[in-house]
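Below is entry.tsv, holding TSV, C-alpha atoms and all ligand atoms.
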```tsv
chain	number	residue	atom	x	y	z
A	218	MET	CA	46.60	3.48	-11.18
A	219	SER	CA	45.31	1.96	-14.36
A	220	GLN	CA	46.15	-1.58	-15.45
A	221	THR	CA	48.71	-0.39	-17.98
A	222	ASP	CA	50.78	1.32	-15.31
A	223	LYS	CA	51.97	-2.03	-14.00
A	224	HIS	CA	54.19	-2.52	-17.03
A	225	PHE	CA	57.47	-0.76	-17.63
A	226	LEU	CA	56.44	0.04	-21.19
A	227	SER	CA	52.93	-0.16	-22.50
A	228	VAL	CA	52.08	0.73	-26.08
A	229	LYS	CA	48.35	1.08	-26.50
A	230	ASP	CA	46.37	1.17	-29.71
A	231	LEU	CA	48.99	3.11	-31.63
A	232	THR	CA	47.96	4.37	-35.06
A	233	VAL	CA	50.36	6.34	-37.23
A	234	GLU	CA	49.95	7.67	-40.75
A	235	TYR	CA	52.26	9.37	-43.22
A	236	SER	CA	51.01	11.83	-45.79
A	237	ALA	CA	52.90	11.63	-49.04
A	238	ASP	CA	51.85	13.03	-52.43
A	239	GLY	CA	48.30	13.54	-51.21
A	240	GLN	CA	48.03	9.92	-50.12
A	241	HIS	CA	47.76	8.52	-46.63
A	242	VAL	CA	50.11	5.69	-45.77
A	243	HIS	CA	48.58	3.56	-43.01
A	244	ALA	CA	51.94	2.62	-41.50
A	245	VAL	CA	50.79	1.52	-38.03
A	246	SER	CA	47.19	0.58	-37.19
A	247	GLY	CA	46.16	-0.09	-33.61
A	248	VAL	CA	49.39	-1.63	-32.32
A	249	SER	CA	49.52	-2.63	-28.65
A	250	PHE	CA	52.13	-4.49	-26.63
A	251	GLU	CA	53.72	-4.45	-23.19
A	252	LEU	CA	57.25	-4.88	-21.97
A	253	ASP	CA	58.56	-5.43	-18.45
A	254	ARG	CA	61.96	-4.61	-17.00
A	255	GLY	CA	64.82	-6.76	-18.14
A	256	ARG	CA	62.73	-8.34	-20.88
A	257	THR	CA	63.19	-8.26	-24.64
A	258	ILE	CA	60.38	-8.18	-27.16
A	259	GLY	CA	61.05	-8.90	-30.81
A	260	LEU	CA	59.10	-6.98	-33.43
A	261	VAL	CA	59.16	-9.27	-36.43
A	262	GLY	CA	57.86	-8.75	-39.94
A	263	GLU	CA	58.68	-7.95	-43.53
A	264	THR	CA	60.06	-4.65	-44.77
A	265	GLY	CA	57.35	-2.01	-44.74
A	266	ALA	CA	55.36	-3.68	-41.95
A	267	GLY	CA	55.70	-0.60	-39.71
A	268	LYS	CA	58.40	-1.70	-37.27
A	269	THR	CA	60.65	1.36	-37.54
A	270	THR	CA	57.63	3.65	-37.40
A	271	ILE	CA	56.59	2.07	-34.09
A	272	ALA	CA	60.11	2.64	-32.71
A	273	LYS	CA	60.25	6.23	-33.90
A	274	THR	CA	56.83	6.94	-32.42
A	275	ILE	CA	57.95	5.69	-29.01
A	276	LEU	CA	61.00	7.98	-29.20
A	277	ARG	CA	58.96	10.76	-30.82
A	278	ILE	CA	61.42	11.21	-33.68
A	279	LEU	CA	58.95	10.86	-36.55
A	280	PRO	CA	59.28	13.45	-39.33
A	281	ASP	CA	57.12	16.43	-38.28
A	282	PHE	CA	55.98	17.33	-41.75
A	283	SER	CA	54.69	13.97	-42.97
A	284	ALA	CA	53.90	11.74	-40.00
A	285	ARG	CA	50.89	11.94	-37.73
A	286	VAL	CA	50.06	9.94	-34.64
A	287	MET	CA	46.32	9.48	-35.09
A	288	GLN	CA	45.71	7.74	-31.78
A	289	GLY	CA	47.33	5.73	-29.05
A	290	GLU	CA	49.40	6.00	-25.91
A	291	VAL	CA	52.94	5.04	-24.99
A	292	PHE	CA	53.28	4.62	-21.23
A	293	LEU	CA	56.78	4.47	-19.79
A	294	ASP	CA	56.57	3.83	-16.06
A	295	GLY	CA	53.00	5.05	-16.20
A	296	ARG	CA	53.68	8.37	-17.99
A	297	ASP	CA	52.32	8.83	-21.50
A	298	LEU	CA	55.34	9.85	-23.58
A	299	LEU	CA	53.12	11.14	-26.37
A	300	LYS	CA	51.78	13.81	-24.00
A	301	LEU	CA	55.09	15.00	-22.56
A	302	PRO	CA	56.39	18.48	-23.38
A	303	GLU	CA	59.30	18.28	-25.84
A	304	GLU	CA	61.75	19.39	-23.14
A	305	GLU	CA	60.78	16.46	-20.92
A	306	MET	CA	60.91	14.13	-23.89
A	307	ARG	CA	64.48	15.18	-24.60
A	308	LYS	CA	65.46	13.98	-21.15
A	309	VAL	CA	63.67	10.69	-21.73
A	310	ARG	CA	65.58	10.24	-25.00
A	311	GLY	CA	68.92	10.89	-23.41
A	312	GLN	CA	68.54	9.15	-20.10
A	313	ARG	CA	65.91	6.47	-20.41
A	314	ILE	CA	65.58	5.29	-24.00
A	315	SER	CA	68.35	4.75	-26.55
A	316	MET	CA	68.01	3.58	-30.11
A	317	ILE	CA	70.47	1.73	-32.30
A	318	PHE	CA	69.80	2.38	-35.97
A	319	GLN	CA	70.39	-0.07	-38.75
A	320	ASP	CA	73.42	1.64	-40.30
A	321	PRO	CA	76.24	2.43	-37.83
A	322	MET	CA	77.72	5.12	-40.08
A	323	THR	CA	74.66	7.33	-39.77
A	324	ALA	CA	75.31	7.52	-36.02
A	325	LEU	CA	79.09	8.10	-36.15
A	326	ASN	CA	81.00	11.24	-37.01
A	327	PRO	CA	83.84	10.27	-39.40
A	328	THR	CA	86.00	13.22	-38.33
A	329	MET	CA	85.92	12.60	-34.59
A	330	LYS	CA	87.85	10.07	-32.52
A	331	VAL	CA	85.73	7.10	-31.59
A	332	GLY	CA	86.25	7.36	-27.83
A	333	ARG	CA	85.60	11.08	-27.91
A	334	GLN	CA	82.20	10.45	-29.51
A	335	ILE	CA	81.21	8.15	-26.69
A	336	GLN	CA	82.57	10.65	-24.16
A	337	GLU	CA	80.49	13.42	-25.70
A	338	VAL	CA	77.29	11.43	-25.27
A	339	ILE	CA	78.21	10.83	-21.63
A	340	GLU	CA	78.97	14.52	-21.06
A	341	ILE	CA	75.71	15.67	-22.59
A	342	HIS	CA	73.65	13.44	-20.37
A	343	ASN	CA	75.57	13.40	-17.11
A	344	ASN	CA	76.76	16.20	-14.90
A	345	ILE	CA	80.30	14.87	-14.48
A	346	SER	CA	83.80	16.18	-15.14
A	347	LYS	CA	85.59	15.66	-18.46
A	348	HIS	CA	88.06	13.40	-16.72
A	349	GLU	CA	85.30	11.19	-15.34
A	350	ALA	CA	83.50	11.14	-18.68
A	351	HIS	CA	86.71	10.09	-20.40
A	352	LYS	CA	87.18	7.23	-17.95
A	353	ARG	CA	83.60	6.13	-18.43
A	354	ALA	CA	84.00	6.21	-22.23
A	355	GLU	CA	87.02	3.91	-21.92
A	356	GLU	CA	84.99	1.57	-19.73
A	357	MET	CA	82.22	1.53	-22.31
A	358	LEU	CA	84.69	0.60	-25.05
A	359	GLU	CA	86.01	-2.29	-22.99
A	360	MET	CA	82.49	-3.36	-22.19
A	361	VAL	CA	81.74	-3.83	-25.89
A	362	GLY	CA	84.98	-5.74	-26.35
A	363	ILE	CA	87.18	-2.98	-27.79
A	364	PRO	CA	90.55	-2.30	-26.04
A	365	LYS	CA	90.47	1.13	-24.41
A	366	ASP	CA	93.64	2.32	-26.16
A	367	ARG	CA	91.64	2.44	-29.42
A	368	TYR	CA	89.80	5.44	-27.92
A	369	TYR	CA	92.00	7.71	-30.08
A	370	GLU	CA	91.22	6.09	-33.43
A	371	TYR	CA	88.78	7.28	-36.07
A	372	PRO	CA	85.74	5.33	-37.36
A	373	HIS	CA	87.46	4.45	-40.68
A	374	GLN	CA	90.10	2.52	-38.72
A	375	PHE	CA	87.38	0.23	-37.36
A	376	SER	CA	85.73	-2.73	-39.08
A	377	GLY	CA	81.95	-2.72	-39.68
A	378	GLY	CA	81.37	-4.91	-36.64
A	379	MET	CA	83.49	-2.69	-34.41
A	380	LYS	CA	81.68	0.43	-35.62
A	381	GLN	CA	78.36	-1.15	-34.74
A	382	ARG	CA	79.77	-2.01	-31.30
A	383	VAL	CA	80.75	1.63	-30.85
A	384	VAL	CA	77.22	2.66	-31.77
A	385	ILE	CA	75.92	0.18	-29.23
A	386	ALA	CA	78.36	1.58	-26.63
A	387	MET	CA	77.04	5.07	-27.36
A	388	ALA	CA	73.47	3.86	-27.02
A	389	LEU	CA	74.35	2.30	-23.69
A	390	ALA	CA	76.56	5.13	-22.43
A	391	CYS	CA	73.64	6.70	-20.60
A	392	ASP	CA	72.48	3.46	-19.02
A	393	PRO	CA	69.11	3.44	-20.77
A	394	ASP	CA	66.24	1.60	-19.17
A	395	LEU	CA	64.99	0.79	-22.65
A	396	LEU	CA	67.11	-0.02	-25.66
A	397	ILE	CA	65.48	-0.05	-29.08
A	398	ALA	CA	67.61	-1.92	-31.59
A	399	ASP	CA	66.41	-1.55	-35.17
A	400	GLU	CA	67.91	-4.43	-37.14
A	401	PRO	CA	71.25	-3.82	-35.42
A	402	THR	CA	73.14	-6.64	-37.08
A	403	THR	CA	71.79	-6.55	-40.63
A	404	ALA	CA	74.93	-4.84	-41.92
A	405	LEU	CA	77.28	-7.28	-40.18
A	406	ASP	CA	78.73	-10.60	-41.29
A	407	VAL	CA	77.63	-13.73	-39.50
A	408	THR	CA	80.56	-14.07	-37.08
A	409	ILE	CA	80.40	-10.45	-35.98
A	410	GLN	CA	76.63	-10.71	-35.76
A	411	ALA	CA	77.00	-13.57	-33.28
A	412	GLN	CA	79.42	-11.50	-31.18
A	413	VAL	CA	77.15	-8.48	-31.14
A	414	LEU	CA	74.15	-10.59	-30.14
A	415	GLU	CA	76.11	-12.21	-27.34
A	416	MET	CA	77.11	-8.77	-26.13
A	417	ILE	CA	73.52	-7.57	-26.19
A	418	ASN	CA	72.48	-10.61	-24.19
A	419	ASP	CA	75.25	-9.99	-21.64
A	420	LEU	CA	74.18	-6.41	-21.18
A	421	LYS	CA	70.62	-7.43	-20.62
A	422	VAL	CA	71.71	-9.65	-17.78
A	423	LYS	CA	74.22	-7.16	-16.30
A	424	LYS	CA	72.05	-4.05	-16.46
A	425	ASN	CA	68.53	-5.47	-16.51
A	426	THR	CA	67.86	-3.35	-19.62
A	427	SER	CA	64.53	-3.78	-21.40
A	428	MET	CA	64.79	-4.12	-25.13
A	429	ILE	CA	62.79	-3.84	-28.29
A	430	MET	CA	64.59	-5.88	-30.92
A	431	ILE	CA	63.41	-5.15	-34.44
A	432	THR	CA	64.37	-7.83	-36.89
A	433	HIS	CA	63.25	-10.00	-39.75
A	434	ASP	CA	65.77	-12.63	-38.73
A	435	LEU	CA	64.17	-15.40	-36.73
A	436	GLY	CA	67.56	-16.72	-35.62
A	437	ILE	CA	67.97	-13.45	-33.74
A	438	VAL	CA	64.53	-13.84	-32.21
A	439	ALA	CA	65.47	-17.29	-30.97
A	440	GLU	CA	68.67	-15.98	-29.47
A	441	VAL	CA	67.70	-12.75	-27.71
A	442	CYS	CA	63.91	-12.32	-27.44
A	443	ASP	CA	61.70	-13.36	-24.55
A	444	GLU	CA	58.54	-12.33	-26.35
A	445	VAL	CA	57.55	-11.87	-29.95
A	446	ALA	CA	55.08	-9.58	-31.71
A	447	VAL	CA	54.61	-10.45	-35.37
A	448	ILE	CA	53.79	-7.31	-37.36
A	449	TYR	CA	51.93	-7.51	-40.65
A	450	ALA	CA	50.79	-4.47	-42.64
A	451	GLY	CA	50.87	-2.19	-39.60
A	452	GLN	CA	49.14	-4.54	-37.18
A	453	VAL	CA	50.26	-7.02	-34.54
A	454	ILE	CA	48.83	-10.24	-35.92
A	455	GLU	CA	50.28	-12.59	-33.31
A	456	ARG	CA	51.95	-12.16	-29.95
A	457	GLY	CA	53.27	-14.49	-27.29
A	458	SER	CA	56.38	-15.80	-25.58
A	459	ARG	CA	59.23	-16.92	-27.80
A	460	GLU	CA	58.47	-20.54	-26.93
A	461	GLU	CA	54.78	-20.16	-27.78
A	462	ILE	CA	55.49	-18.50	-31.12
A	463	PHE	CA	58.12	-21.04	-32.13
A	464	ASP	CA	56.23	-24.07	-30.91
A	465	TYR	CA	52.65	-22.99	-31.62
A	466	PRO	CA	52.69	-20.47	-34.46
A	467	THR	CA	49.01	-19.92	-35.14
A	468	HIS	CA	48.43	-17.15	-37.67
A	469	PRO	CA	48.95	-18.42	-41.23
A	470	TYR	CA	51.48	-15.62	-41.77
A	471	THR	CA	53.48	-16.60	-38.68
A	472	ILE	CA	53.34	-20.23	-39.72
A	473	GLY	CA	54.76	-19.21	-43.08
A	474	LEU	CA	57.50	-17.11	-41.50
A	475	PHE	CA	58.49	-19.48	-38.74
A	476	GLY	CA	58.28	-22.48	-40.99
A	477	ALA	CA	61.39	-21.22	-42.72
A	478	VAL	CA	63.72	-21.70	-39.73
A	479	PRO	CA	64.47	-24.62	-37.43
A	480	LYS	CA	62.21	-24.72	-34.39
A	481	LEU	CA	63.57	-24.10	-30.91
A	482	THR	CA	62.91	-27.66	-29.87
A	483	GLY	CA	61.46	-30.75	-31.42
A	484	ASP	CA	61.27	-31.69	-35.07
A	485	VAL	CA	62.28	-29.30	-37.77
A	486	HIS	CA	59.35	-28.48	-40.02
A	487	ARG	CA	60.24	-26.56	-43.10
A	488	LEU	CA	57.22	-24.88	-44.61
A	489	SER	CA	57.13	-22.84	-47.75
A	490	PRO	CA	57.98	-19.15	-47.34
A	491	VAL	CA	55.07	-16.72	-47.39
A	492	ALA	CA	54.03	-16.30	-51.01
A	493	GLY	CA	52.84	-12.98	-52.41
A	494	LEU	CA	53.43	-9.38	-51.45
A	495	PRO	CA	52.22	-7.17	-48.59
A	496	PRO	CA	49.21	-4.97	-49.41
A	497	ASP	CA	49.43	-1.37	-50.60
A	498	PRO	CA	49.77	0.60	-47.33
A	499	CYS	CA	47.71	3.45	-48.82
A	500	ASN	CA	44.83	1.06	-49.42
A	501	PRO	CA	44.81	-1.78	-46.92
A	502	PRO	CA	42.37	-4.54	-47.91
A	503	LYS	CA	38.99	-4.81	-46.25
A	504	GLY	CA	38.63	-7.53	-43.64
A	505	CYS	CA	41.80	-9.35	-42.66
A	506	ARG	CA	44.83	-7.57	-44.09
A	507	PHE	CA	46.51	-10.89	-44.78
A	508	SER	CA	43.52	-12.41	-46.59
A	509	PRO	CA	44.79	-11.71	-50.15
A	510	ARG	CA	47.85	-13.88	-49.39
A	511	CYS	CA	46.28	-16.38	-47.05
A	512	PRO	CA	45.90	-19.97	-48.25
A	513	HIS	CA	42.97	-20.48	-45.84
A	514	ALA	CA	41.03	-17.25	-46.48
A	515	THR	CA	37.26	-17.40	-46.89
A	516	ASP	CA	34.71	-14.74	-47.87
A	517	VAL	CA	34.26	-13.90	-44.19
A	518	CYS	CA	37.99	-13.15	-43.91
A	519	ARG	CA	37.74	-10.74	-46.83
A	520	GLU	CA	34.77	-8.93	-45.23
A	521	SER	CA	35.25	-8.66	-41.47
A	522	GLU	CA	38.29	-7.57	-39.57
A	523	PRO	CA	39.48	-10.26	-37.15
A	524	GLU	CA	39.82	-9.47	-33.47
A	525	PHE	CA	42.92	-10.18	-31.46
A	526	ILE	CA	41.95	-13.22	-29.43
A	527	GLU	CA	43.74	-15.30	-26.82
A	528	VAL	CA	44.31	-18.70	-28.39
A	529	ARG	CA	46.38	-20.16	-25.56
A	530	PRO	CA	47.39	-18.59	-22.22
A	531	ASP	CA	49.13	-15.26	-22.99
A	532	HIS	CA	49.20	-16.08	-26.68
A	533	PHE	CA	47.13	-13.87	-28.96
A	534	CYS	CA	46.28	-14.12	-32.63
A	535	ARG	CA	44.36	-11.99	-35.13
A	536	CYS	CA	42.69	-14.61	-37.33
A	537	LEU	CA	39.02	-15.41	-37.78
A	538	LEU	CA	39.80	-19.01	-38.53
A	539	THR	CA	41.79	-19.65	-35.38
A	540	LYS	CA	38.86	-21.19	-33.58
A	541	GLU	CA	38.17	-23.54	-36.44
A	542	ARG	CA	41.77	-24.55	-36.99
A	543	GLU	CA	43.08	-26.41	-34.02
A	544	VAL	CA	46.00	-24.79	-32.30
A	545	GLN	CA	48.16	-27.81	-31.93
A	546	GLY	CA	51.50	-26.63	-33.03
A	547	CYS	CA	53.19	-26.32	-36.34
A	548	PRO	CA	52.24	-27.37	-38.96
A	549	ASN	CA	48.51	-26.64	-38.69
B	1	LIG	N1	58.80	9.25	-44.01
B	1	LIG	C1	57.89	8.48	-44.61
B	1	LIG	N2	56.99	9.02	-45.47
B	1	LIG	C2	56.05	8.25	-46.05
B	1	LIG	N3	55.91	6.94	-45.86
B	1	LIG	C3	56.77	6.34	-45.03
B	1	LIG	C4	57.80	7.08	-44.35
B	1	LIG	N4	58.50	6.21	-43.56
B	1	LIG	C5	57.93	4.99	-43.75
B	1	LIG	N5	56.89	5.07	-44.61
B	1	LIG	C6	56.01	3.96	-45.02
B	1	LIG	O1	55.41	3.45	-43.85
B	1	LIG	C7	55.30	2.03	-43.92
B	1	LIG	C8	56.03	1.42	-42.72
B	1	LIG	O2	57.43	1.69	-42.85
B	1	LIG	P1	58.49	1.28	-41.75
B	1	LIG	O3	57.97	1.68	-40.42
B	1	LIG	O4	59.79	1.82	-42.17
B	1	LIG	O5	58.47	-0.32	-41.86
B	1	LIG	P2	59.57	-1.40	-41.44
B	1	LIG	O6	60.51	-0.76	-40.47
B	1	LIG	O7	58.78	-2.53	-40.86
B	1	LIG	O8	60.26	-1.80	-42.70
B	1	LIG	C9	55.89	1.64	-45.28
B	1	LIG	O9	54.82	1.51	-46.17
B	1	LIG	C10	56.77	2.80	-45.62
B	1	LIG	O10	56.90	2.94	-47.01
B	2	MG	MG	62.60	-0.59	-40.61
```

Would you write the structure of this file as structure tokens?
Amino acid sequence: MSQTDKHFLSVKDLTVEYSADGQHVHAVSGVSFELDRGRTIGLVGETGAGKTTIAKTILRILPDFSARVMQGEVFLDGRDLLKLPEEEMRKVRGQRISMIFQDPMTALNPTMKVGRQIQEVIEIHNNISKHEAHKRAEEMLEMVGIPKDRYYEYPHQFSGGMKQRVVIAMALACDPDLLIADEPTTALDVTIQAQVLEMINDLKVKKNTSMIMITHDLGIVAEVCDEVAVIYAGQVIERGSREEIFDYPTHPYTIGLFGAVPKLTGDVHRLSPVAGLPPDPCNPPKGCRFSPRCPHATDVCRESEPEFIEVRPDHFCRCLLTKEREVQGCPN
């Protein structure tokens, strides 16, 4: 058994490109992270950083015609999902991994009763009677805080928050071992967002579900994530426990990002948001991909690509200057 097999999920050196109009979009470049059972990792970064592409690669739902996995492995319980026959992968998608997409309406059928939609998911993935599936669908509704007698209503009779809860219920209907939530609360107002997050946290405790939480909202990271991987221009540029990343943000990009929200503990340091724009994904800069925006960048940064080094126990950072700048906590 190799080292990676110890983890529930192990993403290794994933590189994914899209071809569009004769150009190659370097969406994901050498991304690695691990996740254990019952744990939640947050993938954090700006729009276009590659977060959704990572999720779709794990589930193998990338568009066939334009996307290509150039290299990498995705071990789930020691099996490389990228090597499974499609038939096997379909089972993994139904029974082991569920994904919640950003917009609940894309996942719901407007012409079908809400409860029936959950029941259908249960029927597809479990060999049980209609009666049992119906009962289970009602249980799922109650579990996400919707009275079971609303089983017979249609999506348009539900508020945005309730629709997203239904989508979450559908994602959970098959008891996934891994839940991938791609910005699940972006479309919701703040009160509903808080309810949905609380529900997700409850489920994690009740079912020991592992989760990948994709978000650019650091409040969500503070609330639900055990670990954090900061994604910049297709790479993981910093990774560590939630406490490490909040208390000792080390990469200049992370410092910029995390400076914008109150820290978990201690003094609140408000730093300026990250100035500038991400690089052109068709033409990533030489050297450190963040160097064009980095206030500390030197000629070396613009020439050589930084390695991912351990800056504190189980806390990794991709910055050539890390050794020179003392890792003492925010601000640097
Ligand atoms: N189907 C596609 N065809 C071409 N480029 C794409 C496609 N999907 C995403 N991209 C590009 O890949 C990069 C990563 O996108 P994405 O994974 O959606 O990032 P995120 O979820 O972090 O916003 C972006 O530059 C985006 O424009
Ligand atoms: Mg996305």

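Every residue having at least one atom no farther than 7 Å from ligand MG 2 (chain B) is included below, with all atoms listed in the file taken into account: Thr264, Gly265, Gly267, Lys268, Thr269 and Asp399 of chain A.
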
Please identify every residue of chain A that has at least one atom no farther than 7 Å from an atom of ligand LIG 1 (chain B), counting all atoms listed in the file, and for each give the shortest atom pair and the distance in Å to one decimal, arranged by chain then increasing number, as JSON lines.
```
{"residue": "A:Tyr235", "atom": "CA", "partner": "B:LIG1", "partner_atom": "C2", "distance": 4.9}
{"residue": "A:Ser236", "atom": "CA", "partner": "B:LIG1", "partner_atom": "C2", "distance": 6.2}
{"residue": "A:Ala237", "atom": "CA", "partner": "B:LIG1", "partner_atom": "C2", "distance": 5.5}
{"residue": "A:Val242", "atom": "CA", "partner": "B:LIG1", "partner_atom": "N3", "distance": 5.9}
{"residue": "A:His243", "atom": "CA", "partner": "B:LIG1", "partner_atom": "O1", "distance": 6.9}
{"residue": "A:Ala244", "atom": "CA", "partner": "B:LIG1", "partner_atom": "C7", "distance": 4.2}
{"residue": "A:Gly262", "atom": "CA", "partner": "B:LIG1", "partner_atom": "O7", "distance": 6.4}
{"residue": "A:Glu263", "atom": "CA", "partner": "B:LIG1", "partner_atom": "O7", "distance": 6.0}
{"residue": "A:Thr264", "atom": "CA", "partner": "B:LIG1", "partner_atom": "O8", "distance": 3.5}
{"residue": "A:Gly265", "atom": "CA", "partner": "B:LIG1", "partner_atom": "O5", "distance": 3.5}
{"residue": "A:Ala266", "atom": "CA", "partner": "B:LIG1", "partner_atom": "O7", "distance": 3.8}
{"residue": "A:Gly267", "atom": "CA", "partner": "B:LIG1", "partner_atom": "O3", "distance": 3.3}
{"residue": "A:Lys268", "atom": "CA", "partner": "B:LIG1", "partner_atom": "O7", "distance": 3.7}
{"residue": "A:Thr269", "atom": "CA", "partner": "B:LIG1", "partner_atom": "O6", "distance": 3.6}
{"residue": "A:Thr270", "atom": "CA", "partner": "B:LIG1", "partner_atom": "O3", "distance": 3.6}
{"residue": "A:Ile271", "atom": "CA", "partner": "B:LIG1", "partner_atom": "O3", "distance": 6.5}
{"residue": "A:Pro280", "atom": "CA", "partner": "B:LIG1", "partner_atom": "N1", "distance": 6.3}
{"residue": "A:Ser283", "atom": "CA", "partner": "B:LIG1", "partner_atom": "N2", "distance": 6.0}
{"residue": "A:Ala284", "atom": "CA", "partner": "B:LIG1", "partner_atom": "N1", "distance": 6.8}
{"residue": "A:Pro498", "atom": "CA", "partner": "B:LIG1", "partner_atom": "O9", "distance": 5.3}
```

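Distance-wise, atom CA of A:Pro502 and atom CA of A:Lys229 end up 22.9 Å apart.
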
- Message: Would you pick out the contacts of A:Tyr371 at 12 Å or less, using only C-alpha atoms, so that residues sharing its chain but fewer than 4 positions from it are not included, and give the list as a ChimeraX atom specification?
- Response: /A:322,325-334,367,375-376,379-380,383

- What gap, in Å, lies between atom CA of A:Ala411 and atom CA of A:Leu226? 27.5 Å

- Item | Nearest candidate to A:Thr539 (options A:Glu440, A:Leu420, A:Arg510, A:Pro466; using only C-alpha atoms) |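 Ranked by minimum distance to A:Thr539, first place goes to A:Pro466.
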
- What is the atom CA of A:Ala398-atom CA of A:Ile363 distance in Å, reported with one decimal? 20.0 Å

So that each row is one residue of stretch 354-374 of chain A with an atom at most 8 Å from stretch 384-396 of chain A, can you give its shortest atom pair and the distance in Å to one decimal, using only C-alpha atoms, rows by chain and rising number, as a Markdown table?
```
| residue | atom | partner | partner_atom | distance |
| --- | --- | --- | --- | --- |
| A:Ala354 | CA | A:Ala390 | CA | 7.5 |
| A:Met357 | CA | A:Ala386 | CA | 5.8 |
| A:Leu358 | CA | A:Ala386 | CA | 6.6 |
| A:Met360 | CA | A:Ala386 | CA | 7.8 |
| A:Val361 | CA | A:Ala386 | CA | 6.4 |
```
